[in-house]
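S.K.: I have a structure I would like to understand better, so I am pasting it below and will then ask my questions one at a time.
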Amino acid sequence: MEEGVIKRQEDSLKMQSANEQDILGMYMQDVFELQKVDAKALSPLTLAYIGDAVYDLIIRTLVVNKGNQQVQKLHKETVTMVKASAQARMITVLNDRLTEEEHAVYKRGRNAKSVSIAKNQSVSDYHKATGFEALMGYLYLRKEWKRMLELIKTGLDALGNEET
């Protein structure tokens, strides 16, 4: 009988955690009367568009969390982590950790034909970065935020290890 009680408590905690994770999504949906979006139906460049913004916001949050600095210094530190070459190195490290579905989303983004050109980045890095951003957008829209953050953390840790 104790096992049943423990299982229900664990399930309740998981549900509470999931509800807490989704509170921003629910609030945004209510305030802006957002429609449900099927991330699988969106083009890879649309996924990359939102993924770029989400990833940039996460990096800016991490940089600002380190403390008050001049805006130029904040920007310089942010750029080192959001530029295409850094994202390309991150996705290379993450590649073996992706599920089949995540890898498929990444490949769709990487192979997408973009009208914009890579600025100060190699074409290869630019394509890999687009795939990375598409994956971030996909996970964000599916509200798989914990997984998205785990992948970003792993990628950033790998970048940090490269610098030492």
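Identifiers in the structure tokens: chain A, B, ... in order shown; residue index from 1 per chain; ligand index from 1 in order shown.
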Would you give me, as a tab-separated table, each residue of segment 51-135 of chain A having an atom within 12 Å of an atom of segment 31-41 of chain A, along with its shortest atom pair and that distance in Å to one decimal, using only C-alpha atoms and sorting by chain and residue number?
M.R.:
residue	atom	partner	partner_atom	distance
A:Gly51	CA	A:Ala39	CA	11.5
A:Glu101	CA	A:Lys40	CA	10.1
A:Glu102	CA	A:Lys40	CA	10.9
A:Ala104	CA	A:Lys40	CA	10.6
A:Val105	CA	A:Lys40	CA	8.5
A:Arg108	CA	A:Lys40	CA	10.9
A:Ala134	CA	A:Ala39	CA	10.1
A:Leu135	CA	A:Ala39	CA	10.2
S.K.: Have a look at A:Arg89, A:Asn95, A:Ser43, A:Thr80 and name the one nearest to Lys113 of chain A; count only C-alpha atoms.
M.R.: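 Nearest to Lys113 of chain A: A:Ser43.
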S.K.: Could you pull the residues within 10 Å of Lys119 of chain A, counting only C-alpha atoms, minus those fewer than 4 positions along the same chain, as a PyMOL selection string?
M.R.: chain A and resi 83-84+123+126
S.K.: Can you tell me which residues surround segment 150-156 of chain A at a distance of at most 12 Å, considering only C-alpha atoms, apart from same-chain residues fewer than 5 positions away, and format the answer as a PyMOL selection string?
M.R.: chain A and resi 51+54-56+58-59+62+78+80-82+86-99+102+132-133+135-136+139+144-145+161-163
S.K.: Next, the residues of the selection above should be written as a PDB file, in the first residue's frame with C-alpha atoms.
M.R.:
ATOM      1  CA  GLY A  51      14.794  29.618 -31.838  1.00  0.00           C
ATOM      2  CA  VAL A  54      14.777  32.272 -27.515  1.00  0.00           C
ATOM      3  CA  TYR A  55      18.444  31.268 -27.477  1.00  0.00           C
ATOM      4  CA  ASP A  56      19.521  34.921 -27.526  1.00  0.00           C
ATOM      5  CA  ILE A  58      18.620  32.773 -22.580  1.00  0.00           C
ATOM      6  CA  ILE A  59      22.213  33.878 -23.239  1.00  0.00           C
ATOM      7  CA  LEU A  62      22.928  34.335 -18.252  1.00  0.00           C
ATOM      8  CA  THR A  78      26.717  37.642 -25.554  1.00  0.00           C
ATOM      9  CA  THR A  80      30.719  35.126 -28.305  1.00  0.00           C
ATOM     10  CA  MET A  81      28.002  32.615 -27.433  1.00  0.00           C
ATOM     11  CA  VAL A  82      25.331  33.439 -30.024  1.00  0.00           C
ATOM     12  CA  ALA A  86      29.766  28.970 -31.372  1.00  0.00           C
ATOM     13  CA  GLN A  87      26.367  27.446 -32.171  1.00  0.00           C
ATOM     14  CA  ALA A  88      28.022  25.176 -34.762  1.00  0.00           C
ATOM     15  CA  ARG A  89      30.518  23.931 -32.154  1.00  0.00           C
ATOM     16  CA  MET A  90      27.689  23.395 -29.672  1.00  0.00           C
ATOM     17  CA  ILE A  91      25.552  21.325 -32.041  1.00  0.00           C
ATOM     18  CA  THR A  92      28.586  19.225 -32.950  1.00  0.00           C
ATOM     19  CA  VAL A  93      28.955  18.330 -29.263  1.00  0.00           C
ATOM     20  CA  LEU A  94      25.210  17.787 -28.851  1.00  0.00           C
ATOM     21  CA  ASN A  95      24.732  15.667 -31.976  1.00  0.00           C
ATOM     22  CA  ASP A  96      25.224  12.335 -30.168  1.00  0.00           C
ATOM     23  CA  ARG A  97      22.828  13.406 -27.400  1.00  0.00           C
ATOM     24  CA  LEU A  98      19.890  14.228 -29.657  1.00  0.00           C
ATOM     25  CA  THR A  99      16.876  11.978 -30.025  1.00  0.00           C
ATOM     26  CA  GLU A 102      15.503  16.231 -32.486  1.00  0.00           C
ATOM     27  CA  PHE A 132      20.661  24.522 -33.946  1.00  0.00           C
ATOM     28  CA  GLU A 133      18.253  27.474 -33.863  1.00  0.00           C
ATOM     29  CA  LEU A 135      15.932  22.770 -32.852  1.00  0.00           C
ATOM     30  CA  MET A 136      15.723  25.420 -30.111  1.00  0.00           C
ATOM     31  CA  LEU A 139      11.669  22.581 -28.374  1.00  0.00           C
ATOM     32  CA  GLU A 144       9.988  21.168 -23.927  1.00  0.00           C
ATOM     33  CA  TRP A 145      11.841  23.885 -22.068  1.00  0.00           C
ATOM     34  CA  ASN A 161      35.942  23.675 -21.826  1.00  0.00           C
ATOM     35  CA  GLU A 162      37.314  24.644 -25.262  1.00  0.00           C
ATOM     36  CA  GLU A 163      38.471  27.996 -23.904  1.00  0.00           C
TER      37      GLU A 163
END
S.K.: Closest to Ser85 of chain A among A:Ala48, A:Leu141, A:Ala129, A:Val63, using only C-alpha atoms?
M.R.: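 Closest to Ser85 of chain A, using only C-alpha atoms: A:Ala129.
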S.K.: For a test of reading the model, state the distance in Å between atom CA of His75 of chain A and atom CA of Gln121 of chain A, rounded to one decimal.
M.R.: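 Calculated distance between atom CA of His75 of chain A and atom CA of Gln121 of chain A is 18.0 Å.
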S.K.: As a ChimeraX atom specification, please: all residues of segment 28-92 of chain A that backbone DSSP puts in helix (DSSP H, G or I).
M.R.: /A:28-32,39-41,44-65,71-82,84-92
S.K.: With only C-alpha atoms as the atoms that count, which of A:Gly25, A:Pro44, A:Gly67, A:Gly137 lies nearest to Ala112 of chain A?
M.R.: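 Of all the options, A:Pro44 lies closest to Ala112 of chain A.
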S.K.: So the first atom is atom CA of Gly109 of chain A and the second is atom CA of Leu45 of chain A; what is the distance between them in Å, to one decimal place?
M.R.: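 Taking atom CA of Gly109 of chain A as the start and atom CA of Leu45 of chain A as the end point, the length is 6.4 Å.
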